[in-house]
>>> print(open('entry.csv').read())   # CSV, C-alpha atoms and all ligand atoms
chain,number,residue,atom,x,y,z
A,107,MET,CA,127.1,153.3,90.6
A,108,SER,CA,128.6,149.9,90.1
A,109,GLU,CA,127.4,147.2,92.5
A,110,GLU,CA,131.0,146.3,93.5
A,111,LEU,CA,131.4,149.8,95.1
A,112,PHE,CA,129.0,148.7,97.8
A,113,PHE,CA,130.7,145.3,98.4
A,114,PRO,CA,134.4,146.4,98.9
A,115,VAL,CA,137.3,144.7,100.6
A,116,ILE,CA,139.3,147.4,102.4
A,117,GLU,CA,142.7,146.5,103.7
A,118,THR,CA,144.6,148.4,106.5
A,119,GLU,CA,147.8,147.4,108.2
A,120,ARG,CA,146.2,145.1,110.8
A,121,LEU,CA,142.6,144.8,109.5
A,122,SER,CA,140.5,143.7,106.7
A,123,LEU,CA,137.0,145.3,106.2
A,124,ARG,CA,134.6,143.3,104.1
A,125,PRO,CA,130.9,142.3,103.9
A,126,LEU,CA,129.7,139.9,106.6
A,127,VAL,CA,128.8,136.3,105.8
A,128,THR,CA,126.5,133.8,107.4
A,129,ASP,CA,129.5,132.1,109.0
A,130,ASP,CA,130.0,135.2,111.1
A,131,SER,CA,126.7,134.9,112.9
A,132,GLU,CA,127.9,133.2,116.1
A,133,ARG,CA,130.8,135.6,116.7
A,134,LEU,CA,128.5,138.6,115.8
A,135,LEU,CA,125.9,137.4,118.4
A,136,GLU,CA,128.7,137.0,121.0
A,137,ILE,CA,129.7,140.7,120.4
A,138,PHE,CA,126.3,142.3,120.1
A,139,SER,CA,124.6,140.4,122.9
A,140,ASP,CA,127.2,141.9,125.3
A,141,GLN,CA,125.5,144.5,127.6
A,142,GLU,CA,128.7,146.5,127.8
A,143,VAL,CA,129.0,146.7,124.0
A,144,MET,CA,125.3,147.7,123.6
A,145,ARG,CA,125.3,150.1,126.6
A,146,TYR,CA,125.0,153.2,124.4
A,147,TRP,CA,123.4,151.6,121.4
A,148,ASN,CA,119.9,152.7,120.2
A,149,THR,CA,118.6,149.1,120.3
A,150,ALA,CA,118.6,146.4,123.0
A,151,PRO,CA,121.3,143.7,123.0
A,152,TRP,CA,120.7,140.8,120.6
A,153,THR,CA,119.5,137.6,122.1
A,154,THR,CA,119.3,134.9,119.5
A,155,ILE,CA,121.3,133.7,116.5
A,156,GLN,CA,118.3,134.8,114.4
A,157,ASP,CA,119.1,138.4,115.3
A,158,SER,CA,122.6,137.9,113.8
A,159,LEU,CA,121.3,136.2,110.7
A,160,ASP,CA,118.7,138.9,110.1
A,161,PHE,CA,121.3,141.6,110.6
A,162,ILE,CA,123.6,139.9,108.0
A,163,ASP,CA,120.7,139.5,105.5
A,164,GLU,CA,119.4,143.0,106.0
A,165,SER,CA,123.0,144.5,105.7
A,166,ASN,CA,123.6,142.7,102.4
A,167,GLU,CA,120.2,143.7,101.1
A,168,SER,CA,120.8,147.4,101.9
A,169,MET,CA,124.2,147.2,100.2
A,170,ARG,CA,122.5,145.7,97.1
A,171,ARG,CA,120.1,148.6,97.2
A,172,GLN,CA,123.1,150.9,97.5
A,173,GLU,CA,121.7,152.4,100.7
A,174,SER,CA,124.5,151.6,103.1
A,175,LEU,CA,127.9,149.9,103.6
A,176,VAL,CA,128.1,147.4,106.5
A,177,LEU,CA,131.5,145.8,106.8
A,178,GLY,CA,132.9,143.2,109.2
A,179,VAL,CA,136.2,144.2,110.8
A,180,TYR,CA,138.5,141.2,110.7
A,181,LEU,CA,142.0,140.9,112.4
A,182,LYS,CA,144.5,139.9,109.7
A,183,SER,CA,146.7,138.1,112.2
A,184,THR,CA,144.1,135.5,113.2
A,185,GLY,CA,141.1,136.0,110.9
A,186,GLU,CA,138.9,136.8,114.0
A,187,LEU,CA,135.9,139.0,113.5
A,188,ALA,CA,136.5,142.0,115.8
A,189,GLY,CA,133.3,143.9,115.1
A,190,LYS,CA,131.6,145.9,112.4
A,191,CYS,CA,131.7,149.4,111.0
A,192,MET,CA,129.2,151.0,108.6
A,193,LEU,CA,128.2,154.0,106.5
A,194,PHE,CA,124.4,154.3,106.5
A,195,SER,CA,121.6,156.8,105.9
A,196,TYR,CA,123.4,157.4,102.6
A,197,ASP,CA,122.0,160.4,100.8
A,198,LYS,CA,123.4,160.3,97.3
A,199,ALA,CA,122.1,163.7,96.2
A,200,SER,CA,123.6,165.5,99.2
A,201,LYS,CA,126.7,163.3,99.2
A,202,ARG,CA,126.5,162.4,102.9
A,203,ALA,CA,126.3,159.4,105.1
A,204,GLU,CA,126.4,158.5,108.8
A,205,ILE,CA,129.2,156.4,110.3
A,206,GLY,CA,128.9,153.8,113.1
A,207,PHE,CA,131.1,151.2,114.6
A,208,GLY,CA,131.1,148.5,117.3
A,209,LEU,CA,133.8,146.1,118.5
A,210,GLY,CA,133.8,143.1,120.8
A,211,ARG,CA,135.1,144.0,124.3
A,212,SER,CA,138.4,142.1,123.9
A,213,CYS,CA,139.2,144.4,120.9
A,214,TRP,CA,138.7,147.7,122.6
A,215,GLY,CA,141.5,150.2,123.2
A,216,LYS,CA,143.9,148.8,120.5
A,217,GLY,CA,143.4,151.6,118.0
A,218,TYR,CA,141.3,149.4,115.7
A,219,ILE,CA,138.6,152.0,115.2
A,220,ASN,CA,141.1,154.7,114.5
A,221,GLU,CA,142.5,152.4,111.7
A,222,ALA,CA,139.2,151.0,110.4
A,223,GLY,CA,137.4,154.3,110.7
A,224,GLU,CA,139.9,156.3,108.7
A,225,ALA,CA,140.0,153.6,106.0
A,226,LEU,CA,136.2,153.7,105.8
A,227,ILE,CA,136.1,157.5,105.8
A,228,GLN,CA,138.6,157.6,103.0
A,229,TYR,CA,136.5,155.1,101.0
A,230,GLY,CA,133.4,157.2,101.6
A,231,PHE,CA,135.1,160.3,100.4
A,232,ASN,CA,137.2,158.9,97.5
A,233,SER,CA,135.1,156.0,96.2
A,234,LEU,CA,131.5,157.0,97.1
A,235,GLY,CA,132.1,160.7,96.5
A,236,LEU,CA,130.8,161.8,99.9
A,237,ARG,CA,131.3,165.4,101.0
A,238,ARG,CA,130.2,164.9,104.6
A,239,ILE,CA,130.2,162.1,107.1
A,240,GLU,CA,128.2,162.4,110.3
A,241,ALA,CA,127.8,160.6,113.5
A,242,GLU,CA,125.3,160.6,116.4
A,243,ILE,CA,126.3,159.3,119.8
A,244,ASP,CA,125.2,159.3,123.4
A,245,PRO,CA,127.3,162.1,124.9
A,246,ASP,CA,128.1,159.8,127.9
A,247,ASN,CA,129.8,157.4,125.5
A,248,ARG,CA,133.4,158.7,126.1
A,249,ALA,CA,135.1,156.0,124.1
A,250,SER,CA,133.1,156.8,121.1
A,251,ALA,CA,133.5,160.6,121.5
A,252,LYS,CA,137.2,160.2,121.8
A,253,ALA,CA,137.4,157.8,118.8
A,254,LEU,CA,135.4,160.3,116.7
A,255,GLU,CA,137.6,163.2,117.8
A,256,LYS,CA,140.7,161.2,116.9
A,257,LEU,CA,139.2,160.6,113.5
A,258,GLY,CA,138.9,164.3,112.9
A,259,PHE,CA,135.2,164.8,113.6
A,260,THR,CA,133.9,168.0,115.2
A,261,GLN,CA,131.0,168.1,117.6
A,262,GLU,CA,128.3,170.2,115.8
A,263,GLY,CA,125.3,170.0,118.2
A,264,LEU,CA,123.5,168.4,121.1
A,265,LEU,CA,119.9,167.2,120.7
A,266,ARG,CA,118.3,167.0,124.1
A,267,GLN,CA,116.3,164.0,125.2
A,268,ARG,CA,116.3,162.5,121.7
A,269,TRP,CA,116.0,158.8,122.7
A,270,GLU,CA,113.9,156.7,125.1
A,271,ILE,CA,115.1,153.1,125.3
A,272,ASN,CA,113.6,150.8,127.9
A,273,GLY,CA,112.4,153.9,129.8
A,274,VAL,CA,115.8,155.6,129.8
A,275,VAL,CA,115.9,159.0,128.1
A,276,SER,CA,119.2,160.2,126.6
A,277,ASP,CA,120.6,163.1,124.6
A,278,SER,CA,122.4,162.8,121.2
A,279,ALA,CA,125.6,164.5,120.3
A,280,LEU,CA,126.0,165.2,116.6
A,281,TYR,CA,129.5,165.1,114.9
A,282,GLY,CA,130.6,165.8,111.4
A,283,ARG,CA,133.6,165.6,109.2
A,284,LEU,CA,133.8,167.2,105.7
A,285,VAL,CA,136.1,166.0,102.9
A,286,SER,CA,137.5,169.5,103.0
A,287,ASP,CA,138.4,169.4,106.7
A,288,ARG,CA,142.1,169.4,107.5
A,289,VAL,CA,142.7,166.4,109.8
A,290,SER,CA,146.1,166.0,111.4
A,291,SER,CA,145.6,162.8,113.4
A,292,ALA,CA,144.5,160.6,110.5
A,293,VAL,CA,146.4,157.3,110.3
B,301,LIG,C1,133.6,153.1,120.7
B,301,LIG,C2,134.6,152.0,120.2
B,301,LIG,C3,134.2,151.5,118.8
B,301,LIG,C4,136.0,152.6,120.2
B,301,LIG,O1,136.9,151.6,119.6
B,301,LIG,P1,138.4,151.4,120.0
B,301,LIG,O2,139.0,150.6,118.9
B,301,LIG,O3,138.4,150.9,121.4
B,301,LIG,O4,139.0,152.9,119.9
B,301,LIG,P2,140.5,153.2,119.8
B,301,LIG,O5,141.3,152.1,120.4
B,301,LIG,O6,140.7,153.5,118.3
B,301,LIG,O7,140.6,154.5,120.7
B,301,LIG,C5,140.3,155.8,120.3
B,301,LIG,C6,140.6,156.7,121.4
B,301,LIG,O8,139.6,156.6,122.4
B,301,LIG,C7,140.2,156.3,123.7
B,301,LIG,N1,139.2,155.5,124.5
B,301,LIG,C8,138.9,154.2,124.2
B,301,LIG,N2,138.1,153.7,125.2
B,301,LIG,C9,137.9,154.8,126.0
B,301,LIG,C10,137.1,154.9,127.2
B,301,LIG,N3,136.3,153.9,127.7
B,301,LIG,N4,137.1,156.2,127.8
B,301,LIG,C11,137.8,157.2,127.3
B,301,LIG,N5,138.6,157.1,126.2
B,301,LIG,C12,138.6,155.9,125.6
B,301,LIG,C13,141.4,155.6,123.4
B,301,LIG,O9,142.3,155.8,124.5
B,301,LIG,C14,141.9,156.4,122.1
B,301,LIG,O10,142.5,157.6,122.4
B,301,LIG,P3,144.1,157.7,122.6
B,301,LIG,O11,144.7,157.1,121.3
B,301,LIG,O12,144.4,159.1,122.7
B,301,LIG,O13,144.5,156.9,123.8
B,301,LIG,C15,134.5,150.8,121.1
B,301,LIG,O14,134.8,151.2,122.4
B,301,LIG,C16,133.2,150.0,121.1
B,301,LIG,O15,133.0,149.2,120.2
B,301,LIG,N6,132.3,150.4,122.0
B,301,LIG,C17,131.0,149.7,122.1
B,301,LIG,C18,130.1,150.1,120.9
B,301,LIG,C19,129.8,151.6,120.8
B,301,LIG,O16,129.5,152.2,121.8
B,301,LIG,N7,129.9,152.1,119.6
B,301,LIG,C20,129.6,153.4,119.3
B,301,LIG,C21,128.1,153.7,119.2
B,301,LIG,S1,127.9,154.8,117.8
>>> encode(input="entry.csv", output="C-alpha cells")
Amino acid sequence: MSEELFFPVIETERLSLRPLVTDDSERLLEIFSDQEVMRYWNTAPWTTIQDSLDFIDESNESMRRQESLVLGVYLKSTGELAGKCMLFSYDKASKRAEIGFGLGRSCWGKGYINEAGEALIQYGFNSLGLRRIEAEIDPDNRASAKALEKLGFTQEGLLRQRWEINGVVSDSALYGRLVSDRVSSAV
C-alpha cells in the first residue's frame, strides 16, 4: 500500500483529522493528563511532556510501518486540537482494525466523535479496504458505548475481568461494525 494512505488528511464539516505533530505535544498532554478523560482508559494518565512526545513519535512510526492510523482531531473554526482518534491492531490479511478515540473535556457532547468517527470508519472501509472495525470499552463508559452505538456498532460480547489497572479489575465490552452493516444514523 502507498505510504500516503497511512498519512491522510480527512476533512468533515467542522473537523480536520490529520497526523499529530510535535507542536501538539502541550495540548495533547493537557487532554491526556486529565483524570476524567483517562477514567476508562487502559493506561494511567500521562504526567510529562515526554509522554506526549513519545506518543507522537510512536504514532508516526506505527503509521510508517502501516500498522495503525493515529490522527489528531482539529476544530476547523479555531485550529484547536480537540483530541485524537485511531485505527490500530490493523490486520491486513483479515481486513480488520480496532477503533479508539479520546477528546478533551471541553469538547465532549458536541457530536465531534460522531462526525470524526464516521469519517474515520469510511476511510477504513473505502481506502484501507477493511471489512470489519471493532472496539473494546469498559462497559461502565456510557459516553463511549453511546458514541459507538450511534456510529452503528453492535455489542458482540462481554469479556469478564479482562483488565487490572492500579488494582482495579474491569470487564471489556466488545463492539463490531462490518462494511456490509446497514447503518441509518451515519452522518
Ligand atoms: C467517549 C467520547 C469520545 C465521546 O465523544 P463525544 O464527542 O462527547 O460524543 P458525541 O458528542 O458524538 O456523543 C455521542 C452520543 O453519546 C452521548 N453521550 C455523550 N456523553 C455521554 C455520557 N457521559 N453519558 C451518556 N451519554 C453520553 C451523547 O449525548 C450522544 O448521543 P445523542 O446524540 O443521542 O445525544 C468522549 O466522551 C471522550 O473522549 N471520553 C474520554 C475518553 C474515552 O473514554 N474514550 C473512549 C475509550 S475507548
>>> residues_around(input="entry.csv", residues="Glu224 in chain A", least_positions_apart="6", cutoff="12 Å", atoms="all atoms listed in the file", output="number ranges by chain")
A: 116-119, 121, 123, 191-192, 205, 207, 217-218, 230-232, 239, 253-259, 283, 285, 289-293
>>> closest_atom_pairs(input="entry.csv", of="chain A", to="ligand LIG 301 (chain B)", cutoff="9 Å", atoms="all atoms listed in the file", output="CSV")
residue,atom,partner,partner_atom,distance
A:Phe138,CA,B:LIG301,C18,8.7
A:Glu142,CA,B:LIG301,C17,6.9
A:Val143,CA,B:LIG301,C17,4.1
A:Met144,CA,B:LIG301,C18,6.0
A:Arg145,CA,B:LIG301,O16,6.7
A:Tyr146,CA,B:LIG301,O16,5.3
A:Trp147,CA,B:LIG301,C21,5.6
A:Asn148,CA,B:LIG301,C21,8.3
A:Gly189,CA,B:LIG301,O15,7.4
A:Lys190,CA,B:LIG301,O15,8.6
A:Cys191,CA,B:LIG301,C3,8.5
A:Ile205,CA,B:LIG301,S1,7.8
A:Gly206,CA,B:LIG301,S1,4.9
A:Phe207,CA,B:LIG301,N7,5.2
A:Gly208,CA,B:LIG301,O15,3.5
A:Leu209,CA,B:LIG301,O15,3.6
A:Gly210,CA,B:LIG301,O15,6.2
A:Arg211,CA,B:LIG301,O15,6.9
A:Cys213,CA,B:LIG301,O2,6.5
A:Trp214,CA,B:LIG301,O3,3.4
A:Gly215,CA,B:LIG301,O5,3.4
A:Lys216,CA,B:LIG301,O5,4.2
A:Gly217,CA,B:LIG301,O5,3.2
A:Tyr218,CA,B:LIG301,O2,4.1
A:Ile219,CA,B:LIG301,O2,4.0
A:Asn220,CA,B:LIG301,O6,4.0
A:Glu221,CA,B:LIG301,O6,6.9
A:Ala222,CA,B:LIG301,O6,8.4
A:Gly223,CA,B:LIG301,O6,8.3
A:Ala241,CA,B:LIG301,S1,7.2
A:Glu242,CA,B:LIG301,S1,6.5
A:Ile243,CA,B:LIG301,S1,5.2
A:Asp244,CA,B:LIG301,C21,7.6
A:Asn247,CA,B:LIG301,O16,6.4
A:Arg248,CA,B:LIG301,N4,4.8
A:Ala249,CA,B:LIG301,C9,3.6
A:Ser250,CA,B:LIG301,C1,3.8
A:Ala251,CA,B:LIG301,O8,7.3
A:Lys252,CA,B:LIG301,O8,4.4
A:Ala253,CA,B:LIG301,C5,3.8
A:Leu254,CA,B:LIG301,C5,7.6
A:Glu255,CA,B:LIG301,C6,8.0
A:Lys256,CA,B:LIG301,C6,6.4
A:Leu257,CA,B:LIG301,C5,8.4
>>> atom_distance(input="entry.csv", atom1="CA of Trp269 in chain A", atom2="CA of Val179 in chain A")
27.6 Å
>>> atom_distance(input="entry.csv", atom1="CA of Arg171 in chain A", atom2="CA of Thr149 in chain A")
23.2 Å
>>> closest_residue(input="entry.csv", among="A:Met107, A:Ala279, A:Leu187, A:Leu126", to="Gln172 in chain A", atoms="all atoms listed in the file")
A:Met107
>>> decode(input="entry.csv", residues="range 196-207 of chain A", atoms="N, CA, C and O atoms", output="PDB file, in the first residue's frame")
ATOM      1  N   TYR A 196      -4.255  -3.222  13.286  1.00  0.00           N
ATOM      2  CA  TYR A 196      -4.652  -3.453  11.895  1.00  0.00           C
ATOM      3  C   TYR A 196      -4.164  -4.837  11.458  1.00  0.00           C
ATOM      4  O   TYR A 196      -2.992  -5.157  11.587  1.00  0.00           O
ATOM      5  N   ASP A 197      -5.078  -5.655  10.986  1.00  0.00           N
ATOM      6  CA  ASP A 197      -4.732  -6.975  10.451  1.00  0.00           C
ATOM      7  C   ASP A 197      -5.068  -6.967   8.965  1.00  0.00           C
ATOM      8  O   ASP A 197      -6.233  -7.075   8.581  1.00  0.00           O
ATOM      9  N   LYS A 198      -4.020  -6.797   8.173  1.00  0.00           N
ATOM     10  CA  LYS A 198      -4.219  -6.616   6.739  1.00  0.00           C
ATOM     11  C   LYS A 198      -4.882  -7.846   6.110  1.00  0.00           C
ATOM     12  O   LYS A 198      -5.812  -7.722   5.303  1.00  0.00           O
ATOM     13  N   ALA A 199      -4.412  -9.037   6.496  1.00  0.00           N
ATOM     14  CA  ALA A 199      -4.936 -10.264   5.881  1.00  0.00           C
ATOM     15  C   ALA A 199      -6.422 -10.425   6.178  1.00  0.00           C
ATOM     16  O   ALA A 199      -7.208 -10.802   5.297  1.00  0.00           O
ATOM     17  N   SER A 200      -6.820 -10.123   7.408  1.00  0.00           N
ATOM     18  CA  SER A 200      -8.230 -10.298   7.794  1.00  0.00           C
ATOM     19  C   SER A 200      -9.055  -9.044   7.563  1.00  0.00           C
ATOM     20  O   SER A 200     -10.251  -9.018   7.876  1.00  0.00           O
ATOM     21  N   LYS A 201      -8.398  -7.997   7.059  1.00  0.00           N
ATOM     22  CA  LYS A 201      -9.086  -6.738   6.723  1.00  0.00           C
ATOM     23  C   LYS A 201      -9.879  -6.180   7.910  1.00  0.00           C
ATOM     24  O   LYS A 201     -11.062  -5.844   7.804  1.00  0.00           O
ATOM     25  N   ARG A 202      -9.209  -6.135   9.074  1.00  0.00           N
ATOM     26  CA  ARG A 202      -9.884  -5.571  10.245  1.00  0.00           C
ATOM     27  C   ARG A 202      -8.939  -4.686  11.041  1.00  0.00           C
ATOM     28  O   ARG A 202      -7.720  -4.805  10.924  1.00  0.00           O
ATOM     29  N   ALA A 203      -9.529  -3.780  11.816  1.00  0.00           N
ATOM     30  CA  ALA A 203      -8.755  -2.922  12.715  1.00  0.00           C
ATOM     31  C   ALA A 203      -9.653  -2.530  13.873  1.00  0.00           C
ATOM     32  O   ALA A 203     -10.878  -2.679  13.818  1.00  0.00           O
ATOM     33  N   GLU A 204      -9.002  -2.017  14.936  1.00  0.00           N
ATOM     34  CA  GLU A 204      -9.744  -1.570  16.125  1.00  0.00           C
ATOM     35  C   GLU A 204      -9.810  -0.050  16.094  1.00  0.00           C
ATOM     36  O   GLU A 204      -8.861   0.601  15.639  1.00  0.00           O
ATOM     37  N   ILE A 205     -10.914   0.512  16.572  1.00  0.00           N
ATOM     38  CA  ILE A 205     -11.061   1.969  16.593  1.00  0.00           C
ATOM     39  C   ILE A 205     -10.979   2.480  18.037  1.00  0.00           C
ATOM     40  O   ILE A 205     -11.401   1.782  18.971  1.00  0.00           O
ATOM     41  N   GLY A 206     -10.429   3.670  18.195  1.00  0.00           N
ATOM     42  CA  GLY A 206     -10.387   4.280  19.527  1.00  0.00           C
ATOM     43  C   GLY A 206     -10.437   5.794  19.387  1.00  0.00           C
ATOM     44  O   GLY A 206     -10.061   6.336  18.349  1.00  0.00           O
ATOM     45  N   PHE A 207     -10.930   6.468  20.441  1.00  0.00           N
ATOM     46  CA  PHE A 207     -10.961   7.930  20.383  1.00  0.00           C
ATOM     47  C   PHE A 207     -10.942   8.534  21.778  1.00  0.00           C
ATOM     48  O   PHE A 207     -11.368   7.905  22.754  1.00  0.00           O
TER      49      PHE A 207
END
